[in-house]
Amino acid sequence: MRVLFVCLGNICRSPSAEGVFRAMAPEVDTDSAGTAGWHVGKPPYGPMQAAALARDVDLSELRARQFVARDFERFDLIIGMDAENIANIEALRPDGSDTEVRLFTDYAPESGMSEVPDPYYTRDFDGALDLIEDCARGLKAALEAG
């Protein structure tokens, strides 16, 4: 199983989701990407790294990359952090691709959230990580259930 986490810039939500999920499910191949290319090659945002590290999740080795159409071939499941991410992902879907694309919050319906708010703008890094952890637990349970 290969899972790709996608947000806007690939410096806050998606690398955090990748790091959190890797820690919970190291047997699953994971990656992250952004729909925009502004931060390609850069590490996750400093305050996001600090908040994750406080939870023993080290994001320092990750580097931003941009989502590309070829990702539909490389991954079994693509997870967007919000509806805009999903729309941007779907806009690149190749004809004939049946790769599943889901919102991360689909895996934490009890949260009542329809998206993972972007902490780059909200400044709520811990709140984003709380939700990411809930979604990651739900994703892991869904994958284990088959």
# chains A, B, ... in the order shown; residues from 1 in each chain; ligands from 1
>>> select_by_dssp(residues="stretch 13-141 of chain A", states="alpha helix (DSSP H)", output="ChimeraX atom specification")
/A:13-24,46-53,71-74,83-90,119-122,125-141
>>> closest_atom_pairs(of="stretch 63-106 of chain A", to="stretch 112-121 of chain A", cutoff="8 Å", atoms="only C-alpha atoms", output="Markdown table")
| residue | atom | partner | partner_atom | distance |
| --- | --- | --- | --- | --- |
| A:Met81 | CA | A:Val116 | CA | 5.3 |
| A:Asp82 | CA | A:Glu115 | CA | 4.6 |
| A:Ala83 | CA | A:Glu115 | CA | 7.2 |
| A:Leu103 | CA | A:Glu115 | CA | 7.2 |
| A:Phe104 | CA | A:Glu115 | CA | 7.3 |
| A:Thr105 | CA | A:Glu115 | CA | 5.8 |
| A:Asp106 | CA | A:Ser114 | CA | 7.7 |
>>> residues_around(residues="stretch 20-33 of chain A", least_positions_apart="2", cutoff="9 Å", atoms="only C-alpha atoms", output="JSON, numbers by chain")
{"A": [1, 2, 3, 4, 5, 6, 7, 8, 9, 10, 11, 14, 15, 16, 17, 18, 35, 36, 52, 57, 58, 62, 63, 64, 65, 66, 67, 68, 75, 129, 132, 133, 136, 137, 139, 140]}
>>> select_by_dssp(residues="chain A", states="strand (DSSP E)", output="PyMOL selection string")
chain A and resi 2-7+29-34+77-80+100-103
>>> residues_around(residues="A:Glu90", least_positions_apart="4", cutoff="10 Å", atoms="only C-alpha atoms", output="number ranges by chain")
A: 69, 72, 84-86, 94, 101
>>> decode(residues="stretch 28-57 of chain A", atoms="N, CA, C and O atoms", output="tab-separated table (two decimals), in the first residue's frame")
chain	number	residue	atom	x	y	z
A	28	VAL	N	3.41	0.98	5.92
A	28	VAL	CA	2.79	1.60	4.76
A	28	VAL	C	3.77	2.59	4.13
A	28	VAL	O	4.37	3.40	4.84
A	29	ASP	N	3.94	2.52	2.82
A	29	ASP	CA	4.78	3.49	2.11
A	29	ASP	C	4.01	4.80	2.02
A	29	ASP	O	2.87	4.82	1.55
A	30	THR	N	4.63	5.88	2.46
A	30	THR	CA	3.98	7.17	2.46
A	30	THR	C	4.84	8.24	1.81
A	30	THR	O	6.06	8.10	1.73
A	31	ASP	N	4.18	9.28	1.37
A	31	ASP	CA	4.85	10.46	0.82
A	31	ASP	C	3.89	11.62	1.01
A	31	ASP	O	2.74	11.42	1.40
A	32	SER	N	4.36	12.82	0.72
A	32	SER	CA	3.50	13.99	0.75
A	32	SER	C	3.89	14.92	-0.38
A	32	SER	O	5.00	14.86	-0.90
A	33	ALA	N	2.93	15.78	-0.75
A	33	ALA	CA	3.14	16.72	-1.85
A	33	ALA	C	2.21	17.91	-1.66
A	33	ALA	O	1.26	17.85	-0.87
A	34	GLY	N	2.47	18.96	-2.41
A	34	GLY	CA	1.61	20.13	-2.41
A	34	GLY	C	1.05	20.38	-3.80
A	34	GLY	O	1.69	20.04	-4.80
A	35	THR	N	-0.12	20.98	-3.86
A	35	THR	CA	-0.70	21.28	-5.17
A	35	THR	C	-0.02	22.48	-5.80
A	35	THR	O	-0.07	22.66	-7.02
A	36	ALA	N	0.63	23.31	-5.00
A	36	ALA	CA	1.38	24.47	-5.49
A	36	ALA	C	2.88	24.19	-5.37
A	36	ALA	O	3.29	23.40	-4.53
A	37	GLY	N	3.66	24.84	-6.19
A	37	GLY	CA	5.10	24.58	-6.21
A	37	GLY	C	5.96	25.60	-5.52
A	37	GLY	O	7.18	25.58	-5.68
A	38	TRP	N	5.38	26.46	-4.70
A	38	TRP	CA	6.14	27.55	-4.09
A	38	TRP	C	7.30	27.10	-3.24
A	38	TRP	O	8.30	27.78	-3.13
A	39	HIS	N	7.17	25.97	-2.57
A	39	HIS	CA	8.16	25.56	-1.56
A	39	HIS	C	8.97	24.33	-1.95
A	39	HIS	O	9.60	23.72	-1.09
A	40	VAL	N	8.95	23.96	-3.22
A	40	VAL	CA	9.64	22.75	-3.67
A	40	VAL	C	11.09	22.74	-3.16
A	40	VAL	O	11.81	23.72	-3.29
A	41	GLY	N	11.46	21.61	-2.55
A	41	GLY	CA	12.82	21.43	-2.06
A	41	GLY	C	13.06	21.94	-0.65
A	41	GLY	O	14.12	21.70	-0.07
A	42	LYS	N	12.08	22.63	-0.08
A	42	LYS	CA	12.24	23.21	1.25
A	42	LYS	C	11.71	22.26	2.32
A	42	LYS	O	10.81	21.47	2.08
A	43	PRO	N	12.26	22.37	3.54
A	43	PRO	CA	11.76	21.54	4.65
A	43	PRO	C	10.42	22.06	5.13
A	43	PRO	O	10.01	23.18	4.80
A	44	PRO	N	9.73	21.28	5.95
A	44	PRO	CA	8.48	21.76	6.54
A	44	PRO	C	8.70	23.06	7.33
A	44	PRO	O	9.79	23.32	7.84
A	45	TYR	N	7.64	23.83	7.43
A	45	TYR	CA	7.64	25.11	8.12
A	45	TYR	C	8.13	24.93	9.56
A	45	TYR	O	7.69	24.01	10.26
A	46	GLY	N	9.02	25.80	10.00
A	46	GLY	CA	9.66	25.70	11.31
A	46	GLY	C	8.70	25.49	12.48
A	46	GLY	O	8.88	24.56	13.28
A	47	PRO	N	7.68	26.34	12.64
A	47	PRO	CA	6.75	26.13	13.75
A	47	PRO	C	5.99	24.80	13.66
A	47	PRO	O	5.67	24.20	14.69
A	48	MET	N	5.73	24.32	12.47
A	48	MET	CA	5.07	23.02	12.32
A	48	MET	C	6.03	21.91	12.74
A	48	MET	O	5.63	20.98	13.45
A	49	GLN	N	7.29	22.02	12.33
A	49	GLN	CA	8.29	21.03	12.77
A	49	GLN	C	8.41	21.00	14.28
A	49	GLN	O	8.47	19.93	14.88
A	50	ALA	N	8.43	22.18	14.90
A	50	ALA	CA	8.58	22.25	16.36
A	50	ALA	C	7.39	21.61	17.06
A	50	ALA	O	7.57	20.86	18.04
A	51	ALA	N	6.19	21.89	16.58
A	51	ALA	CA	4.99	21.30	17.20
A	51	ALA	C	4.99	19.78	17.03
A	51	ALA	O	4.64	19.06	17.96
A	52	ALA	N	5.39	19.30	15.86
A	52	ALA	CA	5.45	17.85	15.63
A	52	ALA	C	6.52	17.21	16.49
A	52	ALA	O	6.31	16.15	17.09
A	53	LEU	N	7.69	17.85	16.57
A	53	LEU	CA	8.79	17.30	17.35
A	53	LEU	C	8.42	17.20	18.84
A	53	LEU	O	8.84	16.26	19.52
A	54	ALA	N	7.60	18.12	19.32
A	54	ALA	CA	7.14	18.06	20.71
A	54	ALA	C	6.30	16.80	20.94
A	54	ALA	O	6.13	16.39	22.09
A	55	ARG	N	5.83	16.18	19.86
A	55	ARG	CA	5.07	14.92	19.93
A	55	ARG	C	5.90	13.74	19.44
A	55	ARG	O	5.37	12.71	19.08
A	56	ASP	N	7.20	13.95	19.40
A	56	ASP	CA	8.16	12.92	18.98
A	56	ASP	C	7.99	12.52	17.51
A	56	ASP	O	8.26	11.37	17.14
A	57	VAL	N	7.55	13.46	16.68
A	57	VAL	CA	7.47	13.23	15.24
A	57	VAL	C	8.45	14.19	14.57
A	57	VAL	O	8.27	15.41	14.60
